[in-house]
file work.cif (mmCIF, N, CA and C atoms)
data_model
#
loop_
_atom_site.label_atom_id
_atom_site.label_comp_id
_atom_site.auth_asym_id
_atom_site.auth_seq_id
_atom_site.Cartn_x
_atom_site.Cartn_y
_atom_site.Cartn_z
N MET A 959 33.07 13.99 -29.48
CA MET A 959 33.61 14.04 -28.14
C MET A 959 32.68 13.36 -27.14
N LYS A 960 31.36 13.63 -27.29
CA LYS A 960 30.38 13.02 -26.39
C LYS A 960 30.38 11.51 -26.55
N LYS A 961 30.54 11.03 -27.80
CA LYS A 961 30.54 9.59 -28.06
C LYS A 961 31.74 8.92 -27.39
N ILE A 962 32.88 9.57 -27.44
CA ILE A 962 34.09 9.01 -26.83
C ILE A 962 33.93 8.96 -25.31
N LEU A 963 33.42 10.01 -24.73
CA LEU A 963 33.21 10.05 -23.29
C LEU A 963 32.20 8.98 -22.86
N LEU A 964 31.13 8.84 -23.59
CA LEU A 964 30.11 7.83 -23.30
C LEU A 964 30.70 6.43 -23.40
N PHE A 965 31.51 6.19 -24.45
CA PHE A 965 32.15 4.90 -24.63
C PHE A 965 33.06 4.58 -23.44
N CYS A 966 33.86 5.56 -23.01
CA CYS A 966 34.77 5.36 -21.88
C CYS A 966 34.00 5.05 -20.60
N LEU A 967 32.92 5.76 -20.36
CA LEU A 967 32.11 5.52 -19.17
C LEU A 967 31.49 4.13 -19.20
N CYS A 968 30.96 3.72 -20.33
CA CYS A 968 30.33 2.41 -20.46
C CYS A 968 31.37 1.30 -20.31
N SER A 969 32.54 1.47 -20.90
CA SER A 969 33.60 0.47 -20.81
C SER A 969 34.07 0.30 -19.37
N THR A 970 34.25 1.41 -18.67
CA THR A 970 34.68 1.36 -17.28
C THR A 970 33.64 0.66 -16.41
N ALA A 971 32.38 0.97 -16.62
CA ALA A 971 31.31 0.33 -15.85
C ALA A 971 31.26 -1.16 -16.13
N PHE A 972 31.44 -1.56 -17.39
CA PHE A 972 31.42 -2.98 -17.75
C PHE A 972 32.56 -3.72 -17.08
N LEU A 973 33.75 -3.16 -17.14
CA LEU A 973 34.91 -3.80 -16.52
C LEU A 973 34.77 -3.89 -15.01
N ALA A 974 34.25 -2.87 -14.38
CA ALA A 974 34.06 -2.89 -12.93
C ALA A 974 33.06 -3.94 -12.52
N CYS A 975 32.00 -4.13 -13.30
CA CYS A 975 30.97 -5.12 -12.96
C CYS A 975 31.45 -6.54 -13.18
N ASN A 976 32.37 -6.74 -14.12
CA ASN A 976 32.82 -8.08 -14.47
C ASN A 976 34.18 -8.44 -13.86
N LYS A 977 34.71 -7.59 -13.01
CA LYS A 977 35.99 -7.84 -12.38
C LYS A 977 35.86 -8.97 -11.37
N LYS A 978 36.80 -9.91 -11.44
CA LYS A 978 36.82 -11.00 -10.47
C LYS A 978 37.40 -10.50 -9.16
N ALA A 979 36.94 -11.10 -8.07
CA ALA A 979 37.48 -10.75 -6.76
C ALA A 979 38.92 -11.24 -6.66
N ASP A 980 39.73 -10.50 -5.94
CA ASP A 980 41.09 -10.93 -5.67
C ASP A 980 41.03 -11.99 -4.57
N CYS A 981 41.86 -13.02 -4.66
CA CYS A 981 41.81 -14.09 -3.67
C CYS A 981 42.03 -13.59 -2.25
N GLY A 982 42.79 -12.52 -2.09
CA GLY A 982 43.02 -11.96 -0.76
C GLY A 982 41.79 -11.30 -0.16
N ASP A 983 40.78 -11.04 -1.00
CA ASP A 983 39.55 -10.40 -0.53
C ASP A 983 38.49 -11.40 -0.08
N LEU A 984 38.73 -12.71 -0.26
CA LEU A 984 37.74 -13.71 0.15
C LEU A 984 37.61 -13.73 1.66
N THR A 985 36.38 -13.90 2.13
CA THR A 985 36.13 -13.88 3.58
C THR A 985 36.56 -15.17 4.26
N GLY A 986 36.43 -16.30 3.57
CA GLY A 986 36.75 -17.58 4.17
C GLY A 986 35.66 -18.12 5.06
N THR A 987 34.58 -17.37 5.20
CA THR A 987 33.44 -17.80 6.00
C THR A 987 32.25 -17.98 5.08
N TYR A 988 31.73 -19.20 5.04
CA TYR A 988 30.63 -19.53 4.14
C TYR A 988 29.57 -20.31 4.88
N THR A 989 28.32 -20.14 4.45
CA THR A 989 27.22 -20.86 5.08
C THR A 989 26.84 -22.12 4.31
N THR A 990 27.22 -22.20 3.04
CA THR A 990 26.94 -23.41 2.27
C THR A 990 28.17 -23.80 1.46
N PHE A 991 28.25 -25.06 1.14
CA PHE A 991 29.34 -25.57 0.32
C PHE A 991 29.30 -24.94 -1.07
N VAL A 992 28.12 -24.82 -1.66
CA VAL A 992 27.97 -24.25 -3.00
C VAL A 992 28.48 -22.81 -3.03
N GLU A 993 28.12 -22.02 -2.03
CA GLU A 993 28.58 -20.64 -1.93
C GLU A 993 30.11 -20.59 -1.85
N ALA A 994 30.71 -21.45 -1.07
CA ALA A 994 32.16 -21.50 -0.91
C ALA A 994 32.83 -21.87 -2.23
N ARG A 995 32.36 -22.92 -2.88
CA ARG A 995 32.96 -23.36 -4.14
C ARG A 995 32.89 -22.27 -5.20
N LYS A 996 31.75 -21.62 -5.32
CA LYS A 996 31.60 -20.55 -6.31
C LYS A 996 32.55 -19.40 -6.03
N ASP A 997 32.64 -18.99 -4.77
CA ASP A 997 33.51 -17.88 -4.39
C ASP A 997 34.98 -18.22 -4.64
N ILE A 998 35.36 -19.40 -4.23
CA ILE A 998 36.76 -19.83 -4.39
C ILE A 998 37.14 -19.94 -5.86
N THR A 999 36.32 -20.58 -6.66
CA THR A 999 36.68 -20.83 -8.06
C THR A 999 36.56 -19.61 -8.95
N LYS A 1000 35.85 -18.60 -8.54
CA LYS A 1000 35.67 -17.40 -9.37
C LYS A 1000 36.70 -16.31 -9.10
N ALA A 1001 37.45 -16.42 -8.03
CA ALA A 1001 38.43 -15.38 -7.66
C ALA A 1001 39.71 -15.52 -8.49
N ASN A 1002 40.48 -14.45 -8.51
CA ASN A 1002 41.79 -14.45 -9.16
C ASN A 1002 42.85 -14.97 -8.19
N TYR A 1003 43.66 -15.92 -8.65
CA TYR A 1003 44.73 -16.50 -7.85
C TYR A 1003 46.03 -16.47 -8.62
N PRO A 1004 47.14 -16.17 -7.95
CA PRO A 1004 48.42 -16.26 -8.64
C PRO A 1004 48.81 -17.72 -8.93
N VAL A 1005 48.32 -18.65 -8.11
CA VAL A 1005 48.57 -20.08 -8.33
C VAL A 1005 47.23 -20.77 -8.49
N LYS A 1006 47.02 -21.34 -9.68
CA LYS A 1006 45.75 -22.03 -9.97
C LYS A 1006 46.06 -23.22 -10.87
N HIS A 1007 45.69 -24.41 -10.40
CA HIS A 1007 45.92 -25.63 -11.18
C HIS A 1007 44.61 -26.40 -11.29
N ILE A 1008 44.27 -26.79 -12.49
CA ILE A 1008 43.08 -27.62 -12.74
C ILE A 1008 43.54 -28.81 -13.56
N GLN A 1009 43.21 -30.00 -13.07
CA GLN A 1009 43.70 -31.21 -13.73
C GLN A 1009 42.60 -32.27 -13.77
N SER A 1010 42.30 -32.75 -14.97
CA SER A 1010 41.38 -33.89 -15.03
C SER A 1010 42.20 -35.15 -14.77
N THR A 1011 41.52 -36.16 -14.23
CA THR A 1011 42.22 -37.38 -13.81
C THR A 1011 41.55 -38.61 -14.40
N PRO A 1012 41.67 -38.80 -15.72
CA PRO A 1012 41.00 -39.94 -16.35
C PRO A 1012 41.53 -41.29 -15.89
N GLU A 1013 42.74 -41.31 -15.31
CA GLU A 1013 43.31 -42.56 -14.83
C GLU A 1013 42.69 -43.04 -13.52
N SER A 1014 41.95 -42.16 -12.86
CA SER A 1014 41.33 -42.50 -11.57
C SER A 1014 39.91 -43.02 -11.79
N SER A 1015 39.57 -44.07 -11.06
CA SER A 1015 38.21 -44.61 -11.16
C SER A 1015 37.23 -43.87 -10.27
N TRP A 1016 37.73 -43.05 -9.36
CA TRP A 1016 36.87 -42.36 -8.40
C TRP A 1016 36.94 -40.84 -8.50
N ILE A 1017 38.12 -40.30 -8.75
CA ILE A 1017 38.31 -38.86 -8.80
C ILE A 1017 38.35 -38.40 -10.26
N LYS A 1018 37.42 -37.51 -10.61
CA LYS A 1018 37.29 -37.04 -11.99
C LYS A 1018 38.19 -35.84 -12.29
N ARG A 1019 38.26 -34.90 -11.33
CA ARG A 1019 39.03 -33.68 -11.54
C ARG A 1019 39.51 -33.15 -10.20
N ILE A 1020 40.67 -32.52 -10.21
CA ILE A 1020 41.21 -31.88 -9.00
C ILE A 1020 41.61 -30.45 -9.35
N GLU A 1021 41.41 -29.56 -8.38
CA GLU A 1021 41.73 -28.15 -8.58
C GLU A 1021 42.45 -27.63 -7.34
N TYR A 1022 43.40 -26.76 -7.57
CA TYR A 1022 44.16 -26.17 -6.46
C TYR A 1022 44.25 -24.67 -6.67
N TYR A 1023 43.91 -23.90 -5.63
CA TYR A 1023 43.90 -22.45 -5.68
C TYR A 1023 44.71 -21.92 -4.49
N SER A 1024 45.74 -21.11 -4.78
CA SER A 1024 46.56 -20.56 -3.70
C SER A 1024 46.85 -19.08 -3.92
N CYS A 1025 46.68 -18.31 -2.87
CA CYS A 1025 46.99 -16.88 -2.88
C CYS A 1025 48.47 -16.61 -2.67
N ASP A 1026 49.08 -17.42 -1.82
CA ASP A 1026 50.46 -17.14 -1.42
C ASP A 1026 51.49 -18.12 -1.97
N GLY A 1027 51.05 -19.13 -2.71
CA GLY A 1027 51.98 -20.11 -3.28
C GLY A 1027 52.52 -21.11 -2.27
N ALA A 1028 52.06 -21.02 -1.04
CA ALA A 1028 52.51 -21.94 0.01
C ALA A 1028 51.43 -22.93 0.40
N GLN A 1029 50.18 -22.43 0.52
CA GLN A 1029 49.05 -23.29 0.87
C GLN A 1029 47.80 -22.75 0.18
N GLY A 1030 46.79 -23.61 0.07
CA GLY A 1030 45.58 -23.14 -0.60
C GLY A 1030 44.42 -24.10 -0.47
N TYR A 1031 43.42 -23.88 -1.33
CA TYR A 1031 42.22 -24.71 -1.36
C TYR A 1031 42.41 -25.83 -2.38
N LEU A 1032 41.99 -27.03 -2.00
CA LEU A 1032 41.98 -28.17 -2.90
C LEU A 1032 40.53 -28.58 -3.07
N ILE A 1033 40.08 -28.68 -4.31
CA ILE A 1033 38.71 -29.11 -4.58
C ILE A 1033 38.78 -30.40 -5.39
N ILE A 1034 38.03 -31.38 -4.92
CA ILE A 1034 37.97 -32.71 -5.54
C ILE A 1034 36.58 -32.90 -6.14
N TYR A 1035 36.51 -33.33 -7.40
CA TYR A 1035 35.25 -33.67 -8.06
C TYR A 1035 35.31 -35.16 -8.36
N THR A 1036 34.31 -35.91 -7.90
CA THR A 1036 34.34 -37.36 -8.08
C THR A 1036 33.46 -37.80 -9.24
N THR A 1037 33.64 -39.04 -9.62
CA THR A 1037 32.83 -39.62 -10.70
C THR A 1037 31.39 -39.85 -10.26
N ARG A 1038 31.12 -39.77 -8.96
CA ARG A 1038 29.76 -39.92 -8.43
C ARG A 1038 29.09 -38.57 -8.18
N ALA A 1039 29.63 -37.51 -8.81
CA ALA A 1039 29.09 -36.15 -8.71
C ALA A 1039 29.18 -35.58 -7.30
N GLU A 1040 30.15 -36.04 -6.52
CA GLU A 1040 30.42 -35.48 -5.20
C GLU A 1040 31.55 -34.47 -5.34
N GLU A 1041 31.56 -33.49 -4.46
CA GLU A 1041 32.61 -32.48 -4.45
C GLU A 1041 33.09 -32.27 -3.02
N TYR A 1042 34.39 -32.11 -2.88
CA TYR A 1042 34.98 -31.90 -1.56
C TYR A 1042 35.94 -30.71 -1.62
N ILE A 1043 35.91 -29.88 -0.60
CA ILE A 1043 36.86 -28.77 -0.48
C ILE A 1043 37.73 -29.01 0.74
N HIS A 1044 39.03 -28.79 0.56
CA HIS A 1044 39.98 -28.87 1.66
C HIS A 1044 40.73 -27.54 1.72
N ALA A 1045 40.97 -27.05 2.94
CA ALA A 1045 41.62 -25.75 3.13
C ALA A 1045 43.02 -25.91 3.71
N HIS A 1046 43.86 -24.93 3.46
CA HIS A 1046 45.22 -24.86 4.00
C HIS A 1046 46.07 -26.04 3.55
N VAL A 1047 45.85 -26.51 2.34
CA VAL A 1047 46.62 -27.63 1.80
C VAL A 1047 47.96 -27.08 1.28
N PRO A 1048 49.08 -27.59 1.81
CA PRO A 1048 50.39 -27.12 1.34
C PRO A 1048 50.58 -27.45 -0.14
N ILE A 1049 51.29 -26.58 -0.84
CA ILE A 1049 51.51 -26.81 -2.27
C ILE A 1049 52.29 -28.10 -2.51
N GLU A 1050 53.13 -28.51 -1.56
CA GLU A 1050 53.86 -29.77 -1.70
C GLU A 1050 52.90 -30.95 -1.74
N VAL A 1051 51.84 -30.88 -0.92
CA VAL A 1051 50.82 -31.94 -0.93
C VAL A 1051 50.11 -31.95 -2.28
N TRP A 1052 49.78 -30.76 -2.80
CA TRP A 1052 49.16 -30.69 -4.13
C TRP A 1052 50.06 -31.35 -5.18
N LYS A 1053 51.34 -31.02 -5.17
CA LYS A 1053 52.27 -31.57 -6.17
C LYS A 1053 52.34 -33.09 -6.09
N GLU A 1054 52.43 -33.62 -4.87
CA GLU A 1054 52.47 -35.08 -4.69
C GLU A 1054 51.16 -35.71 -5.14
N PHE A 1055 50.05 -35.12 -4.74
CA PHE A 1055 48.73 -35.64 -5.08
C PHE A 1055 48.51 -35.62 -6.59
N SER A 1056 48.82 -34.50 -7.22
CA SER A 1056 48.55 -34.36 -8.66
C SER A 1056 49.40 -35.30 -9.51
N THR A 1057 50.53 -35.76 -8.98
CA THR A 1057 51.39 -36.66 -9.75
C THR A 1057 51.33 -38.11 -9.25
N SER A 1058 50.53 -38.36 -8.23
CA SER A 1058 50.45 -39.73 -7.69
C SER A 1058 49.78 -40.68 -8.68
N LYS A 1059 50.21 -41.94 -8.65
CA LYS A 1059 49.63 -42.95 -9.54
C LYS A 1059 48.21 -43.28 -9.13
N SER A 1060 47.94 -43.33 -7.83
CA SER A 1060 46.61 -43.62 -7.33
C SER A 1060 46.09 -42.41 -6.57
N LYS A 1061 45.24 -41.63 -7.24
CA LYS A 1061 44.69 -40.42 -6.62
C LYS A 1061 43.85 -40.76 -5.39
N GLY A 1062 43.04 -41.81 -5.50
CA GLY A 1062 42.18 -42.20 -4.39
C GLY A 1062 42.96 -42.62 -3.15
N SER A 1063 43.99 -43.42 -3.35
CA SER A 1063 44.83 -43.86 -2.22
C SER A 1063 45.56 -42.69 -1.59
N TYR A 1064 46.14 -41.82 -2.41
CA TYR A 1064 46.84 -40.67 -1.87
C TYR A 1064 45.87 -39.78 -1.10
N TYR A 1065 44.71 -39.55 -1.67
CA TYR A 1065 43.69 -38.71 -1.04
C TYR A 1065 43.31 -39.27 0.34
N ASN A 1066 43.00 -40.55 0.40
CA ASN A 1066 42.57 -41.17 1.67
C ASN A 1066 43.69 -41.20 2.71
N THR A 1067 44.92 -41.38 2.28
CA THR A 1067 46.04 -41.48 3.21
C THR A 1067 46.57 -40.13 3.67
N ASN A 1068 46.59 -39.14 2.78
CA ASN A 1068 47.30 -37.90 3.08
C ASN A 1068 46.46 -36.63 3.18
N ILE A 1069 45.20 -36.70 2.78
CA ILE A 1069 44.40 -35.47 2.75
C ILE A 1069 43.16 -35.52 3.64
N VAL A 1070 42.40 -36.60 3.55
CA VAL A 1070 41.17 -36.72 4.33
C VAL A 1070 41.45 -36.53 5.82
N ASN A 1071 40.63 -35.73 6.47
CA ASN A 1071 40.71 -35.42 7.90
C ASN A 1071 41.95 -34.63 8.31
N ARG A 1072 42.79 -34.23 7.37
CA ARG A 1072 43.97 -33.43 7.71
C ARG A 1072 43.78 -31.96 7.34
N TYR A 1073 43.09 -31.71 6.26
CA TYR A 1073 42.92 -30.34 5.77
C TYR A 1073 41.42 -30.06 5.64
N VAL A 1074 40.81 -29.85 6.77
CA VAL A 1074 39.35 -29.73 6.86
C VAL A 1074 38.90 -28.33 6.45
N PHE A 1075 37.87 -28.27 5.64
CA PHE A 1075 37.23 -27.03 5.27
C PHE A 1075 35.90 -26.98 6.00
N GLU A 1076 35.70 -25.96 6.82
CA GLU A 1076 34.49 -25.87 7.64
C GLU A 1076 33.49 -24.87 7.08
N ILE A 1077 32.24 -25.29 7.07
CA ILE A 1077 31.13 -24.39 6.74
C ILE A 1077 30.57 -23.90 8.06
N LYS A 1078 30.49 -22.57 8.23
CA LYS A 1078 30.00 -22.01 9.48
C LYS A 1078 28.71 -21.25 9.23
N PRO A 1079 27.59 -21.81 9.69
CA PRO A 1079 26.29 -21.14 9.46
C PRO A 1079 26.16 -19.84 10.23
#
call {"tool": "encode", "arguments": {"input": "work.cif", "output": "C-alpha cells"}}
result
Amino acid sequence: MKKILLFCLCSTAFLACNKKADCGDLTGTYTTFVEARKDITKANYPVKHIQSTPESSWIKRIEYYSCDGAQGYLIIYTTRAEEYIHAHVPIEVWKEFSTSKSKGSYYNTNIVNRYVFEIKP
C-alpha cells in the first residue's frame, strides 16, 4: 500500500513539473526575443503548424501558433540563422503564406511591418 501511494505521489509531482503552459496563460510581455520564442514555442496550442521550406532560398522554416484559431504568432527561421516573431497574424495570412510559391516575396509584401511583435524591457 505504501509503495502504491509513493508511486502516485511521485507520478503526480513529475507530471506537474513537466506540464506545458497553456497558451492562454502566456503574459505576452517579454524582455528578450529568446525568452519570447521559448515561451511561445513551449506552450500548448490548439492550432500549431510547423513547416520546413526547402523551396525557399531565404526562409528555412515557418511556425504558426494560435490560441483561438483566428490569429496567432508567426515565427520565421532563415537560412542565415536569423529568427523573427510576428504577433496577431490572422490564420488566413498563415494559410496564404504557407502555400505561397515565393515565401520571401509573400513575407516582404504581406507580413513585414504589419504584424509587429514588440519586446518591452
call {"tool": "resolve_selection", "arguments": {"input": "work.cif", "expression": "the PyMOL selection byres ((chain A and resi 1035) around 6)", "output": "ChimeraX atom specification"}}
result
/A:1016-1020,1033-1034,1036-1037,1040-1042
call {"tool": "closest_residue", "arguments": {"input": "work.cif", "among": "A:Ile998, A:Glu1050, A:Val1074, A:Arg1038", "to": "A:Gly986", "atoms": "only C-alpha atoms"}}
result
A:Ile998
call {"tool": "resolve_selection", "arguments": {"input": "work.cif", "expression": "the PyMOL selection byres ((chain A and resi 987) around 8)", "output": "list in words"}}
result
Leu984, Thr985, Gly986, Tyr988, Thr989, Thr990, Glu993, Ala994, Glu1076, Ile1077, Lys1078 and Pro1079 of chain A
call {"tool": "residues_around", "arguments": {"input": "work.cif", "residues": "A:Tyr1023", "least_positions_apart": "2", "cutoff": "10 Å", "atoms": "only C-alpha atoms", "output": "PyMOL selection string"}}
result
chain A and resi 981+998-999+1001-1008+1021+1025-1027+1029-1033+1045+1047+1049+1052
call {"tool": "closest_residue", "arguments": {"input": "work.cif", "among": "A:Pro1012, A:Ala1039, A:Asp983, A:His1044", "to": "A:Arg1072", "atoms": "only C-alpha atoms"}}
result
A:His1044
call {"tool": "atom_distance", "arguments": {"input": "work.cif", "atom1": "atom CA of A:Tyr1022", "atom2": "atom CA of A:Arg995"}}
result
11.8 Å
call {"tool": "resolve_selection", "arguments": {"input": "work.cif", "expression": "the PyMOL selection byres (((chain A and resi 1062 and name CA) around 9) and name CA)", "output": "ChimeraX atom specification"}}
result
/A:1014-1017,1060-1061,1063-1067
call {"tool": "atom_distance", "arguments": {"input": "work.cif", "atom1": "atom C of A:Ile1069", "atom2": "atom N of A:Val992"}}
result
19.2 Å
call {"tool": "atom_distance", "arguments": {"input": "work.cif", "atom1": "atom CA of A:Val1070", "atom2": "atom CA of A:Pro1048"}}
result
13.6 Å
call {"tool": "residues_around", "arguments": {"input": "work.cif", "residues": "A:Lys1000", "least_positions_apart": "3", "cutoff": "6 Å", "atoms": "all atoms listed in the file", "output": "list of chain:residue names"}}
result
A:Lys978, A:Ala979, A:Arg995, A:Lys996, A:Asp997
call {"tool": "select_by_dssp", "arguments": {"input": "work.cif", "residues": "chain A", "states": "strand (DSSP E)", "output": "MDAnalysis selection string"}}
result
chainID A and resid 1005:1010 1017:1024 1029:1036 1041:1048
call {"tool": "build_atoms", "arguments": {"input": "work.cif", "residues": "stretch 1068-1079 of chain A", "atoms": "all heavy atoms", "output": "PDB file, in the coordinates of the input"}}
result
ATOM      1  N   ASN A1068      46.590 -39.140   2.780  1.00  0.00           N
ATOM      2  CA  ASN A1068      47.300 -37.900   3.080  1.00  0.00           C
ATOM      3  C   ASN A1068      46.460 -36.630   3.180  1.00  0.00           C
ATOM      4  O   ASN A1068      46.977 -35.600   3.604  1.00  0.00           O
ATOM      5  CB  ASN A1068      48.378 -37.666   2.006  1.00  0.00           C
ATOM      6  CG  ASN A1068      49.372 -38.790   1.961  1.00  0.00           C
ATOM      7  OD1 ASN A1068      50.163 -38.959   2.868  1.00  0.00           O
ATOM      8  ND2 ASN A1068      49.314 -39.581   0.900  1.00  0.00           N
ATOM      9  N   ILE A1069      45.200 -36.700   2.780  1.00  0.00           N
ATOM     10  CA  ILE A1069      44.400 -35.470   2.750  1.00  0.00           C
ATOM     11  C   ILE A1069      43.160 -35.520   3.640  1.00  0.00           C
ATOM     12  O   ILE A1069      42.911 -34.597   4.409  1.00  0.00           O
ATOM     13  CB  ILE A1069      44.020 -35.110   1.293  1.00  0.00           C
ATOM     14  CG1 ILE A1069      45.304 -34.835   0.493  1.00  0.00           C
ATOM     15  CG2 ILE A1069      43.063 -33.922   1.251  1.00  0.00           C
ATOM     16  CD1 ILE A1069      45.115 -34.676  -0.987  1.00  0.00           C
ATOM     17  N   VAL A1070      42.400 -36.600   3.550  1.00  0.00           N
ATOM     18  CA  VAL A1070      41.170 -36.720   4.330  1.00  0.00           C
ATOM     19  C   VAL A1070      41.450 -36.530   5.820  1.00  0.00           C
ATOM     20  O   VAL A1070      42.407 -37.068   6.352  1.00  0.00           O
ATOM     21  CB  VAL A1070      40.498 -38.097   4.093  1.00  0.00           C
ATOM     22  CG1 VAL A1070      39.323 -38.320   5.026  1.00  0.00           C
ATOM     23  CG2 VAL A1070      40.044 -38.218   2.652  1.00  0.00           C
ATOM     24  N   ASN A1071      40.630 -35.730   6.470  1.00  0.00           N
ATOM     25  CA  ASN A1071      40.710 -35.420   7.900  1.00  0.00           C
ATOM     26  C   ASN A1071      41.950 -34.630   8.310  1.00  0.00           C
ATOM     27  O   ASN A1071      42.153 -34.398   9.498  1.00  0.00           O
ATOM     28  CB  ASN A1071      40.608 -36.694   8.752  1.00  0.00           C
ATOM     29  CG  ASN A1071      39.277 -37.382   8.566  1.00  0.00           C
ATOM     30  OD1 ASN A1071      38.252 -36.734   8.419  1.00  0.00           O
ATOM     31  ND2 ASN A1071      39.290 -38.703   8.545  1.00  0.00           N
ATOM     32  N   ARG A1072      42.790 -34.230   7.370  1.00  0.00           N
ATOM     33  CA  ARG A1072      43.970 -33.430   7.710  1.00  0.00           C
ATOM     34  C   ARG A1072      43.780 -31.960   7.340  1.00  0.00           C
ATOM     35  O   ARG A1072      44.323 -31.088   8.018  1.00  0.00           O
ATOM     36  CB  ARG A1072      45.203 -33.958   6.996  1.00  0.00           C
ATOM     37  CG  ARG A1072      45.641 -35.289   7.530  1.00  0.00           C
ATOM     38  CD  ARG A1072      46.892 -35.739   6.846  1.00  0.00           C
ATOM     39  NE  ARG A1072      47.197 -37.088   7.283  1.00  0.00           N
ATOM     40  CZ  ARG A1072      48.382 -37.598   7.294  1.00  0.00           C
ATOM     41  NH1 ARG A1072      49.407 -36.894   6.881  1.00  0.00           N
ATOM     42  NH2 ARG A1072      48.578 -38.822   7.702  1.00  0.00           N
ATOM     43  N   TYR A1073      43.090 -31.710   6.260  1.00  0.00           N
ATOM     44  CA  TYR A1073      42.920 -30.340   5.770  1.00  0.00           C
ATOM     45  C   TYR A1073      41.420 -30.060   5.640  1.00  0.00           C
ATOM     46  O   TYR A1073      40.855 -30.037   4.559  1.00  0.00           O
ATOM     47  CB  TYR A1073      43.635 -30.162   4.421  1.00  0.00           C
ATOM     48  CG  TYR A1073      45.090 -30.537   4.511  1.00  0.00           C
ATOM     49  CD1 TYR A1073      45.550 -31.762   4.045  1.00  0.00           C
ATOM     50  CD2 TYR A1073      45.999 -29.670   5.113  1.00  0.00           C
ATOM     51  CE1 TYR A1073      46.884 -32.118   4.141  1.00  0.00           C
ATOM     52  CE2 TYR A1073      47.340 -30.016   5.230  1.00  0.00           C
ATOM     53  CZ  TYR A1073      47.773 -31.247   4.741  1.00  0.00           C
ATOM     54  OH  TYR A1073      49.092 -31.583   4.852  1.00  0.00           O
ATOM     55  N   VAL A1074      40.810 -29.850   6.770  1.00  0.00           N
ATOM     56  CA  VAL A1074      39.350 -29.730   6.860  1.00  0.00           C
ATOM     57  C   VAL A1074      38.900 -28.330   6.450  1.00  0.00           C
ATOM     58  O   VAL A1074      39.475 -27.329   6.873  1.00  0.00           O
ATOM     59  CB  VAL A1074      38.876 -30.069   8.284  1.00  0.00           C
ATOM     60  CG1 VAL A1074      37.371 -29.917   8.407  1.00  0.00           C
ATOM     61  CG2 VAL A1074      39.317 -31.484   8.663  1.00  0.00           C
ATOM     62  N   PHE A1075      37.870 -28.270   5.640  1.00  0.00           N
ATOM     63  CA  PHE A1075      37.230 -27.030   5.270  1.00  0.00           C
ATOM     64  C   PHE A1075      35.900 -26.980   6.000  1.00  0.00           C
ATOM     65  O   PHE A1075      35.089 -27.882   5.864  1.00  0.00           O
ATOM     66  CB  PHE A1075      36.992 -26.983   3.755  1.00  0.00           C
ATOM     67  CG  PHE A1075      36.291 -25.726   3.308  1.00  0.00           C
ATOM     68  CD1 PHE A1075      36.998 -24.551   3.128  1.00  0.00           C
ATOM     69  CD2 PHE A1075      34.932 -25.719   3.077  1.00  0.00           C
ATOM     70  CE1 PHE A1075      36.376 -23.394   2.720  1.00  0.00           C
ATOM     71  CE2 PHE A1075      34.282 -24.562   2.666  1.00  0.00           C
ATOM     72  CZ  PHE A1075      35.009 -23.401   2.487  1.00  0.00           C
ATOM     73  N   GLU A1076      35.700 -25.960   6.820  1.00  0.00           N
ATOM     74  CA  GLU A1076      34.490 -25.870   7.640  1.00  0.00           C
ATOM     75  C   GLU A1076      33.490 -24.870   7.080  1.00  0.00           C
ATOM     76  O   GLU A1076      33.880 -23.783   6.686  1.00  0.00           O
ATOM     77  CB  GLU A1076      34.854 -25.471   9.065  1.00  0.00           C
ATOM     78  CG  GLU A1076      35.662 -26.513   9.801  1.00  0.00           C
ATOM     79  CD  GLU A1076      35.953 -26.104  11.224  1.00  0.00           C
ATOM     80  OE1 GLU A1076      35.098 -25.428  11.833  1.00  0.00           O
ATOM     81  OE2 GLU A1076      37.022 -26.452  11.730  1.00  0.00           O
ATOM     82  N   ILE A1077      32.240 -25.290   7.070  1.00  0.00           N
ATOM     83  CA  ILE A1077      31.130 -24.390   6.740  1.00  0.00           C
ATOM     84  C   ILE A1077      30.570 -23.900   8.060  1.00  0.00           C
ATOM     85  O   ILE A1077      30.235 -24.701   8.944  1.00  0.00           O
ATOM     86  CB  ILE A1077      30.021 -25.125   5.932  1.00  0.00           C
ATOM     87  CG1 ILE A1077      30.579 -25.664   4.626  1.00  0.00           C
ATOM     88  CG2 ILE A1077      28.822 -24.223   5.709  1.00  0.00           C
ATOM     89  CD1 ILE A1077      30.947 -24.605   3.620  1.00  0.00           C
ATOM     90  N   LYS A1078      30.490 -22.570   8.230  1.00  0.00           N
ATOM     91  CA  LYS A1078      30.000 -22.010   9.480  1.00  0.00           C
ATOM     92  C   LYS A1078      28.710 -21.250   9.230  1.00  0.00           C
ATOM     93  O   LYS A1078      28.722 -20.188   8.620  1.00  0.00           O
ATOM     94  CB  LYS A1078      31.056 -21.078  10.081  1.00  0.00           C
ATOM     95  CG  LYS A1078      32.343 -21.804  10.398  1.00  0.00           C
ATOM     96  CD  LYS A1078      33.411 -20.861  10.871  1.00  0.00           C
ATOM     97  CE  LYS A1078      34.693 -21.638  11.097  1.00  0.00           C
ATOM     98  NZ  LYS A1078      35.805 -20.780  11.392  1.00  0.00           N
ATOM     99  N   PRO A1079      27.590 -21.810   9.690  1.00  0.00           N
ATOM    100  CA  PRO A1079      26.290 -21.140   9.460  1.00  0.00           C
ATOM    101  C   PRO A1079      26.160 -19.840  10.230  1.00  0.00           C
ATOM    102  O   PRO A1079      26.803 -19.566  11.174  1.00  0.00           O
ATOM    103  CB  PRO A1079      25.275 -22.140   9.937  1.00  0.00           C
ATOM    104  CG  PRO A1079      26.017 -23.239  10.618  1.00  0.00           C
ATOM    105  CD  PRO A1079      27.465 -23.043  10.381  1.00  0.00           C
TER     106      PRO A1079
END
